[in-house]
$ cat final_16.pdb   # PDB, C-alpha atoms
ATOM      1  CA  MET A  38     145.540 103.931 124.861
ATOM      2  CA  VAL A  39     141.895 104.552 124.002
ATOM      3  CA  SER A  40     141.394 107.381 121.555
ATOM      4  CA  GLN A  41     138.701 109.921 122.313
ATOM      5  CA  GLN A  42     135.851 110.252 119.829
ATOM      6  CA  ILE A  43     135.287 113.834 118.818
ATOM      7  CA  ARG A  44     131.670 114.870 118.111
ATOM      8  CA  THR A  45     131.717 116.845 114.912
ATOM      9  CA  PRO A  46     128.753 118.874 113.623
ATOM     10  CA  ASP A  47     127.989 116.095 111.127
ATOM     11  CA  ALA A  48     128.015 113.468 113.846
ATOM     12  CA  ALA A  49     125.823 115.644 116.033
ATOM     13  CA  SER A  50     123.217 116.372 113.369
ATOM     14  CA  GLY A  51     121.142 113.353 114.325
ATOM     15  CA  SER A  52     120.590 114.682 117.853
ATOM     16  CA  ARG A  53     118.413 117.612 116.736
ATOM     17  CA  GLU A  54     115.190 115.609 116.425
ATOM     18  CA  PRO A  55     115.417 113.951 119.884
ATOM     19  CA  ILE A  56     116.056 117.381 121.372
ATOM     20  CA  LEU A  57     112.942 118.799 119.698
ATOM     21  CA  GLU A  58     110.866 115.838 120.867
ATOM     22  CA  SER A  59     112.082 116.179 124.444
ATOM     23  CA  ALA A  60     111.711 119.951 124.429
ATOM     24  CA  THR A  61     108.133 119.621 123.191
ATOM     25  CA  GLN A  62     107.247 117.409 126.141
ATOM     26  CA  VAL A  63     109.003 119.621 128.681
ATOM     27  CA  PHE A  64     107.410 122.819 127.344
ATOM     28  CA  MET A  65     104.039 121.049 127.368
ATOM     29  CA  GLU A  66     104.447 120.101 131.021
ATOM     30  CA  TYR A  67     106.049 123.268 132.398
ATOM     31  CA  GLY A  68     105.550 126.072 129.882
ATOM     32  CA  PHE A  69     108.392 128.256 128.648
ATOM     33  CA  SER A  70     109.287 129.864 131.970
ATOM     34  CA  GLY A  71     109.181 126.608 133.931
ATOM     35  CA  ALA A  72     111.088 124.485 131.426
ATOM     36  CA  ARG A  73     114.740 123.755 132.193
ATOM     37  CA  VAL A  74     117.378 123.064 129.570
ATOM     38  CA  ASP A  75     118.928 120.490 131.920
ATOM     39  CA  GLU A  76     115.698 118.476 131.882
ATOM     40  CA  ILE A  77     115.380 118.724 128.104
ATOM     41  CA  ALA A  78     118.961 117.481 127.728
ATOM     42  CA  ARG A  79     118.352 114.622 130.152
ATOM     43  CA  ARG A  80     115.281 113.385 128.293
ATOM     44  CA  ALA A  81     117.032 113.706 124.933
ATOM     45  CA  ASN A  82     120.132 111.852 126.172
ATOM     46  CA  ALA A  83     122.123 114.888 125.080
ATOM     47  CA  ASN A  84     124.158 117.530 126.826
ATOM     48  CA  LYS A  85     123.382 121.220 127.176
ATOM     49  CA  ALA A  86     126.230 122.132 124.854
ATOM     50  CA  MET A  87     124.577 120.132 122.075
ATOM     51  CA  ILE A  88     121.278 121.975 122.611
ATOM     52  CA  TYR A  89     123.016 125.346 122.404
ATOM     53  CA  TYR A  90     124.974 124.148 119.356
ATOM     54  CA  HIS A  91     121.754 123.370 117.483
ATOM     55  CA  PHE A  92     119.493 126.161 118.735
ATOM     56  CA  GLY A  93     121.611 128.824 120.422
ATOM     57  CA  SER A  94     119.271 129.511 123.333
ATOM     58  CA  LYS A  95     116.231 128.252 125.201
ATOM     59  CA  GLN A  96     114.149 130.957 123.477
ATOM     60  CA  ALA A  97     115.264 129.796 120.043
ATOM     61  CA  LEU A  98     114.531 126.182 120.977
ATOM     62  CA  TYR A  99     111.025 127.173 122.103
ATOM     63  CA  LYS A 100     110.469 128.984 118.814
ATOM     64  CA  ALA A 101     111.584 125.894 116.889
ATOM     65  CA  VAL A 102     109.133 123.768 118.874
ATOM     66  CA  LEU A 103     106.262 126.178 118.209
ATOM     67  CA  LEU A 104     106.951 126.435 114.485
ATOM     68  CA  ARG A 105     107.201 122.654 114.287
ATOM     69  CA  LEU A 106     103.874 122.222 116.099
ATOM     70  CA  PHE A 107     102.070 124.756 113.904
ATOM     71  CA  GLY A 108     103.582 123.546 110.629
ATOM     72  CA  ASP A 109     100.756 121.233 109.555
ATOM     73  CA  VAL A 110      98.049 123.853 110.115
ATOM     74  CA  LEU A 111     100.034 126.484 108.226
ATOM     75  CA  GLY A 112     100.482 124.022 105.368
ATOM     76  CA  GLU A 113      96.729 123.450 105.249
ATOM     77  CA  ILE A 114      96.126 127.189 105.054
ATOM     78  CA  GLN A 115      98.487 127.489 102.096
ATOM     79  CA  ARG A 116      96.658 124.625 100.393
ATOM     80  CA  LEU A 117      93.242 126.174 101.005
ATOM     81  CA  LYS A 118      94.387 129.541  99.688
ATOM     82  CA  SER A 119      95.267 127.916  96.382
ATOM     83  CA  THR A 120      91.807 126.368  95.926
ATOM     84  CA  ASP A 121      88.543 127.774  94.599
ATOM     85  CA  ASP A 122      86.556 126.155  97.392
ATOM     86  CA  PRO A 123      83.706 128.267  98.798
ATOM     87  CA  PRO A 124      84.460 130.003 102.103
ATOM     88  CA  ASP A 125      82.285 127.727 104.213
ATOM     89  CA  GLN A 126      84.144 124.673 102.943
ATOM     90  CA  LYS A 127      87.491 126.371 103.595
ATOM     91  CA  LEU A 128      86.608 127.039 107.215
ATOM     92  CA  ARG A 129      85.274 123.532 107.685
ATOM     93  CA  ALA A 130      88.480 122.104 106.191
ATOM     94  CA  LEU A 131      90.673 124.307 108.387
ATOM     95  CA  TYR A 132      89.051 123.330 111.668
ATOM     96  CA  THR A 133      88.837 119.692 110.636
ATOM     97  CA  ARG A 134      92.597 119.770 110.087
ATOM     98  CA  VAL A 135      93.073 121.461 113.468
ATOM     99  CA  VAL A 136      91.179 118.611 115.150
ATOM    100  CA  HIS A 137      93.298 115.986 113.418
ATOM    101  CA  HIS A 138      96.459 117.959 114.182
ATOM    102  CA  PHE A 139      95.587 118.305 117.877
ATOM    103  CA  ASP A 140      95.053 114.550 117.984
ATOM    104  CA  LYS A 141      98.420 113.929 116.321
ATOM    105  CA  LYS A 142     100.396 116.654 118.114
ATOM    106  CA  LYS A 143      98.942 116.285 121.586
ATOM    107  CA  ALA A 144     101.360 118.799 123.062
ATOM    108  CA  LEU A 145     100.029 121.690 120.964
ATOM    109  CA  PRO A 146      96.824 122.567 122.887
ATOM    110  CA  HIS A 147      98.715 122.290 126.181
ATOM    111  CA  VAL A 148     101.490 124.596 124.940
ATOM    112  CA  ILE A 149      98.976 127.135 123.613
ATOM    113  CA  LEU A 150      97.011 127.193 126.863
ATOM    114  CA  ARG A 151     100.172 127.624 128.917
ATOM    115  CA  GLU A 152     101.291 130.456 126.649
ATOM    116  CA  ILE A 153      97.889 132.147 127.004
ATOM    117  CA  LEU A 154      98.133 131.932 130.792
ATOM    118  CA  ALA A 155     101.649 133.402 130.615
ATOM    119  CA  GLY A 156     100.395 136.343 128.578
ATOM    120  CA  GLY A 157     102.317 135.359 125.453
ATOM    121  CA  THR A 158     105.645 136.314 127.006
ATOM    122  CA  GLY A 159     107.460 133.242 125.673
ATOM    123  CA  MET A 160     106.658 133.835 121.996
ATOM    124  CA  ASP A 161     108.941 135.967 119.866
ATOM    125  CA  ALA A 162     107.760 137.887 116.811
ATOM    126  CA  GLU A 163     108.310 135.023 114.353
ATOM    127  CA  ALA A 164     106.458 132.469 116.461
ATOM    128  CA  SER A 165     103.549 134.791 117.199
ATOM    129  CA  ARG A 166     103.296 135.586 113.482
ATOM    130  CA  THR A 167     102.020 132.047 112.941
ATOM    131  CA  LEU A 168      98.947 132.919 114.993
ATOM    132  CA  GLY A 169      98.501 136.025 112.848
ATOM    133  CA  ILE A 170      98.602 133.898 109.697
ATOM    134  CA  ILE A 171      95.862 131.635 111.012
ATOM    135  CA  LEU A 172      93.649 134.487 112.210
ATOM    136  CA  GLY A 173      94.326 136.405 108.995
ATOM    137  CA  PHE A 174      93.109 133.469 106.922
ATOM    138  CA  VAL A 175      89.980 133.156 109.053
ATOM    139  CA  SER A 176      89.313 136.896 108.723
ATOM    140  CA  GLU A 177      89.803 136.887 104.937
ATOM    141  CA  THR A 178      87.568 133.833 104.525
ATOM    142  CA  LEU A 179      84.842 135.361 106.672
ATOM    143  CA  SER A 180      84.967 138.569 104.621
ATOM    144  CA  GLU A 181      84.698 136.556 101.419
ATOM    145  CA  GLY A 182      81.681 134.706 102.800
ATOM    146  CA  VAL A 183      79.973 137.960 103.810
ATOM    147  CA  SER A 184      80.585 139.508 100.383
ATOM    148  CA  LYS A 185      78.994 136.459  98.731
ATOM    149  CA  GLY A 186      75.987 136.500 101.042
ATOM    150  CA  LEU A 187      76.931 133.199 102.678
ATOM    151  CA  PHE A 188      77.785 134.580 106.133
ATOM    152  CA  ARG A 189      76.551 137.305 108.398
ATOM    153  CA  PRO A 190      79.242 139.688 109.692
ATOM    154  CA  VAL A 191      81.039 138.436 112.805
ATOM    155  CA  HIS A 192      84.182 139.508 114.632
ATOM    156  CA  PRO A 193      86.924 137.193 113.269
ATOM    157  CA  LEU A 194      88.730 136.789 116.598
ATOM    158  CA  LEU A 195      85.537 136.033 118.518
ATOM    159  CA  PHE A 196      84.483 133.558 115.858
ATOM    160  CA  HIS A 197      87.897 131.850 115.896
ATOM    161  CA  LEU A 198      87.827 131.589 119.681
ATOM    162  CA  THR A 199      84.292 130.178 119.551
ATOM    163  CA  ILE A 200      85.638 127.216 117.600
ATOM    164  CA  LEU A 201      89.211 126.935 118.875
ATOM    165  CA  ALA A 202      88.728 127.359 122.637
ATOM    166  CA  PRO A 203      86.455 124.306 123.077
ATOM    167  CA  LEU A 204      88.892 122.272 120.979
ATOM    168  CA  MET A 205      91.826 123.187 123.206
ATOM    169  CA  VAL A 206      89.870 122.351 126.356
ATOM    170  CA  HIS A 207      88.637 119.105 124.796
ATOM    171  CA  PHE A 208      92.130 117.876 123.926
ATOM    172  CA  ALA A 209      94.045 119.332 126.873
ATOM    173  CA  GLY A 210      91.391 118.101 129.296
ATOM    174  CA  SER A 211      91.074 114.517 128.081
ATOM    175  CA  SER A 212      92.671 112.950 131.179
ATOM    176  CA  PHE A 213      90.605 115.158 133.498
ATOM    177  CA  ARG A 214      87.405 114.269 131.634
ATOM    178  CA  GLU A 215      88.170 110.543 131.510
ATOM    179  CA  LEU A 216      88.755 110.522 135.268
ATOM    180  CA  LEU A 217      85.793 112.570 136.466
ATOM    181  CA  LEU A 218      82.974 112.034 133.979
ATOM    182  CA  PRO A 219      82.525 108.263 134.529
ATOM    183  CA  ARG A 220      82.555 108.834 138.282
ATOM    184  CA  GLU A 221      80.225 111.837 138.436
ATOM    185  CA  MET A 222      77.943 111.057 135.478
ATOM    186  CA  PRO A 223      78.374 107.343 134.721
ATOM    187  CA  GLY A 224      75.490 107.273 132.255
ATOM    188  CA  LEU A 225      76.938 109.993 130.050
ATOM    189  CA  PRO A 226      79.238 108.693 127.282
ATOM    190  CA  LEU A 227      82.597 110.325 126.801
ATOM    191  CA  PRO A 228      82.592 112.491 123.659
ATOM    192  CA  THR A 229      84.960 111.396 120.928
ATOM    193  CA  ASN A 230      87.073 113.701 118.802
ATOM    194  CA  ASP A 231      84.598 113.181 115.958
ATOM    195  CA  ASP A 232      81.737 114.110 118.288
ATOM    196  CA  MET A 233      83.495 117.351 119.153
ATOM    197  CA  LEU A 234      84.303 118.107 115.519
ATOM    198  CA  ASN A 235      80.737 117.503 114.335
ATOM    199  CA  HIS A 236      79.381 119.625 117.180
ATOM    200  CA  LEU A 237      81.679 122.545 116.356
ATOM    201  CA  LEU A 238      80.959 122.352 112.633
ATOM    202  CA  SER A 239      77.276 122.658 113.512
ATOM    203  CA  VAL A 240      78.124 125.661 115.684
ATOM    204  CA  LEU A 241      80.084 127.132 112.775
ATOM    205  CA  ASP A 242      77.079 126.834 110.466
ATOM    206  CA  PHE A 243      74.727 128.326 113.068
ATOM    207  CA  VAL A 244      76.962 131.268 113.979
ATOM    208  CA  LEU A 245      77.610 132.197 110.347
ATOM    209  CA  ALA A 246      74.038 131.778 109.086
ATOM    210  CA  PRO A 247      73.245 134.854 106.940
ATOM    211  CA  LYS A 248      70.200 135.688 109.057
ATOM    212  CA  ASP A 249      70.376 135.324 112.819
ATOM    213  CA  PRO A 250      67.438 133.157 113.921
ATOM    214  CA  SER A 251      64.850 134.776 116.170
ATOM    215  CA  PRO A 252      64.982 133.934 119.910
ATOM    216  CA  SER A 253      61.976 131.624 119.556
ATOM    217  CA  VAL A 254      63.660 129.674 116.758
ATOM    218  CA  ARG A 255      66.868 129.393 118.774
ATOM    219  CA  PHE A 256      64.911 128.064 121.739
ATOM    220  CA  GLU A 257      63.091 125.509 119.577
ATOM    221  CA  GLN A 258      66.411 124.319 118.176
ATOM    222  CA  ARG A 259      67.792 123.775 121.669
ATOM    223  CA  ASN A 260      64.578 122.234 122.972
ATOM    224  CA  PRO A 261      62.843 120.381 120.138
ATOM    225  CA  ALA A 262      59.237 119.451 120.773
TER     226      ALA A 262
END

$ encode --input "final_16.pdb" --output "structure tokens"
Amino acid sequence: MVSQQIRTPDAASGSREPILESATQVFMEYGFSGARVDEIARRANANKAMIYYHFGSKQALYKAVLLRLFGDVLGEIQRLKSTDDPPDQKLRALYTRVVHHFDKKKALPHVILREILAGGTGMDAEASRTLGIILGFVSETLSEGVSKGLFRPVHPLLFHLTILAPLMVHFAGSSFRELLLPREMPGLPLPTNDDMLNHLLSVLDFVLAPKDPSPSVRFEQRNPA
């Protein structure tokens, strides 16, 4: 007679990470509303009972995925808060880390864009608070820069979107760009992640310049003689 092996909580503890990995991919592809626990279980080689054992619900699993994806950026913010770096260097460091994080966690820009299109309905209060932490840091750093005469006043959300939105499109649209650009504009090189980062850091400096350049200066900068 073959004895049955009983899965205890200790034996099951190793299945949490594969579930998170699979859930990240499924949420990236289908968003929160379109994701199915059955598909997450299939990709993780687990059963639905194991997913509910670890996370309790699909909503809680989604929250765990979001917090896991945002963890590196939140850690960078905590590090920057503890430094005496000037505000311009803090912002440059933050968005540089975001670029590296998007490259490492390729699901993150896709998940964010899907959540934006869904109106934020999949995020609970704890998950959405991570976005508040990031925007709060940007707002505080901008205020510090204005008080020190380094920046001109700008709306923190509009500034953050000016930098973040092109990054999300750049990373989420890589396959689209790699397919169409060589075909439609074969002489134009594909921009690298470093190209995008350097471009946006230049935009950051221009947008925050203490004195807004006159229209003629802006035109000369776009169209050098």

$ closest_residue --input "final_16.pdb" --among "A:Ile56, A:Leu187, A:Leu117, A:Asp109" --to "Tyr89 (chain A)" --atoms "all atoms listed in the file"
A:Ile56

$ closest_residue --input "final_16.pdb" --among "A:Thr229, A:Thr178, A:Ser239, A:Ser59" --to "Asp121 (chain A)" --atoms "all atoms listed in the file"
A:Thr178

$ closest_residue --input "final_16.pdb" --among "A:Thr133, A:His138, A:Phe69, A:Glu76" --to "Gly157 (chain A)" --atoms "only C-alpha atoms"
A:Phe69

$ residues_around --input "final_16.pdb" --residues "Glu152 (chain A)" --least-positions-apart "2" --cutoff "12 Å" --atoms "only C-alpha atoms" --output "ChimeraX atom specification"
/A:64-71,99,103,145-150,154-161,164-165

$ write_last_selection --input "final_16.pdb" --atoms "C-alpha atoms" --output "PDB file, keeping the file's coordinate frame"
ATOM      1  CA  PHE A  64     107.410 122.819 127.344  1.00  0.00           C
ATOM      2  CA  MET A  65     104.039 121.049 127.368  1.00  0.00           C
ATOM      3  CA  GLU A  66     104.447 120.101 131.021  1.00  0.00           C
ATOM      4  CA  TYR A  67     106.049 123.268 132.398  1.00  0.00           C
ATOM      5  CA  GLY A  68     105.550 126.072 129.882  1.00  0.00           C
ATOM      6  CA  PHE A  69     108.392 128.256 128.648  1.00  0.00           C
ATOM      7  CA  SER A  70     109.287 129.864 131.970  1.00  0.00           C
ATOM      8  CA  GLY A  71     109.181 126.608 133.931  1.00  0.00           C
ATOM      9  CA  TYR A  99     111.025 127.173 122.103  1.00  0.00           C
ATOM     10  CA  LEU A 103     106.262 126.178 118.209  1.00  0.00           C
ATOM     11  CA  LEU A 145     100.029 121.690 120.964  1.00  0.00           C
ATOM     12  CA  PRO A 146      96.824 122.567 122.887  1.00  0.00           C
ATOM     13  CA  HIS A 147      98.715 122.290 126.181  1.00  0.00           C
ATOM     14  CA  VAL A 148     101.490 124.596 124.940  1.00  0.00           C
ATOM     15  CA  ILE A 149      98.976 127.135 123.613  1.00  0.00           C
ATOM     16  CA  LEU A 150      97.011 127.193 126.863  1.00  0.00           C
ATOM     17  CA  LEU A 154      98.133 131.932 130.792  1.00  0.00           C
ATOM     18  CA  ALA A 155     101.649 133.402 130.615  1.00  0.00           C
ATOM     19  CA  GLY A 156     100.395 136.343 128.578  1.00  0.00           C
ATOM     20  CA  GLY A 157     102.317 135.359 125.453  1.00  0.00           C
ATOM     21  CA  THR A 158     105.645 136.314 127.006  1.00  0.00           C
ATOM     22  CA  GLY A 159     107.460 133.242 125.673  1.00  0.00           C
ATOM     23  CA  MET A 160     106.658 133.835 121.996  1.00  0.00           C
ATOM     24  CA  ASP A 161     108.941 135.967 119.866  1.00  0.00           C
ATOM     25  CA  ALA A 164     106.458 132.469 116.461  1.00  0.00           C
ATOM     26  CA  SER A 165     103.549 134.791 117.199  1.00  0.00           C
TER      27      SER A 165
END

$ atom_distance --input "final_16.pdb" --atom1 "CA of Asn82 (chain A)" --atom2 "CA of Leu106 (chain A)"
21.8 Å

$ decode --input "final_16.pdb" --residues "region 174-255 of chain A" --atoms "C-alpha atoms" --output "compact mmCIF listing (two decimals), in the first residue's frame"
# COMPACT_ATOMS: atom_id res chain seq x y z
CA PHE A 174 8.95 62.11 -2.35
CA VAL A 175 8.95 63.86 -5.73
CA SER A 176 6.77 66.66 -4.33
CA GLU A 177 8.96 67.14 -1.24
CA THR A 178 12.14 67.16 -3.33
CA LEU A 179 10.69 69.68 -5.77
CA SER A 180 9.68 71.95 -2.88
CA GLU A 181 13.18 71.69 -1.43
CA GLY A 182 14.67 72.62 -4.80
CA VAL A 183 12.37 75.63 -5.15
CA SER A 184 13.21 76.86 -1.64
CA LYS A 185 16.93 76.66 -2.46
CA GLY A 186 16.52 78.48 -5.76
CA LEU A 187 17.47 75.43 -7.81
CA PHE A 188 14.06 74.80 -9.40
CA ARG A 189 11.18 76.85 -10.65
CA PRO A 190 7.76 75.88 -9.24
CA VAL A 191 6.07 73.04 -11.13
CA HIS A 192 3.07 70.83 -10.41
CA PRO A 193 4.57 67.65 -8.87
CA LEU A 194 2.15 65.26 -10.58
CA LEU A 195 2.61 66.85 -14.00
CA PHE A 196 6.36 66.80 -13.56
CA HIS A 197 6.33 63.14 -12.47
CA LEU A 198 4.19 62.18 -15.45
CA THR A 199 6.50 64.11 -17.78
CA ILE A 200 9.31 61.76 -16.80
CA LEU A 201 7.45 58.54 -15.98
CA ALA A 202 4.99 58.31 -18.89
CA PRO A 203 7.65 58.16 -21.64
CA LEU A 204 9.52 55.55 -19.60
CA MET A 205 6.46 53.31 -19.35
CA VAL A 206 5.77 53.62 -23.08
CA HIS A 207 9.45 53.00 -23.86
CA PHE A 208 9.62 49.77 -21.86
CA ALA A 209 6.09 48.48 -22.48
CA GLY A 210 6.38 49.26 -26.18
CA SER A 211 9.75 47.66 -26.88
CA SER A 212 8.36 44.79 -28.99
CA PHE A 213 6.10 47.17 -30.93
CA ARG A 214 9.01 49.54 -31.58
CA GLU A 215 11.42 46.77 -32.57
CA LEU A 216 8.89 45.45 -35.09
CA LEU A 217 7.75 48.68 -36.73
CA LEU A 218 10.67 51.11 -36.57
CA PRO A 219 13.12 49.10 -38.73
CA ARG A 220 10.38 48.56 -41.29
CA GLU A 221 9.00 52.11 -41.43
CA MET A 222 12.19 54.08 -40.73
CA PRO A 223 15.11 51.73 -41.43
CA GLY A 224 17.70 54.48 -41.13
CA LEU A 225 16.66 55.47 -37.62
CA PRO A 226 18.49 53.55 -34.86
CA LEU A 227 16.46 52.03 -32.07
CA PRO A 228 16.91 54.03 -28.85
CA THR A 229 18.54 52.17 -26.00
CA ASN A 230 17.51 52.38 -22.37
CA ASP A 231 20.51 54.63 -21.75
CA ASP A 232 19.42 56.87 -24.63
CA MET A 233 15.99 57.23 -23.05
CA LEU A 234 17.44 57.88 -19.60
CA ASN A 235 19.86 60.55 -20.84
CA HIS A 236 17.08 62.20 -22.83
CA LEU A 237 14.74 62.34 -19.83
CA LEU A 238 17.45 63.63 -17.50
CA SER A 239 17.98 66.46 -19.98
CA VAL A 240 14.23 67.09 -19.95
CA LEU A 241 14.32 67.10 -16.15
CA ASP A 242 17.03 69.78 -16.12
CA PHE A 243 15.19 71.89 -18.71
CA VAL A 244 11.78 71.69 -17.04
CA LEU A 245 13.16 72.57 -13.60
CA ALA A 246 15.50 75.37 -14.71
CA PRO A 247 14.96 78.29 -12.29
CA LYS A 248 14.13 80.66 -15.14
CA ASP A 249 11.98 79.45 -18.01
CA PRO A 250 13.85 80.19 -21.26
CA SER A 251 12.23 82.64 -23.66
CA PRO A 252 10.44 81.18 -26.73
CA SER A 253 13.33 82.22 -28.97
CA VAL A 254 15.85 80.40 -26.77
CA ARG A 255 13.66 77.30 -26.70
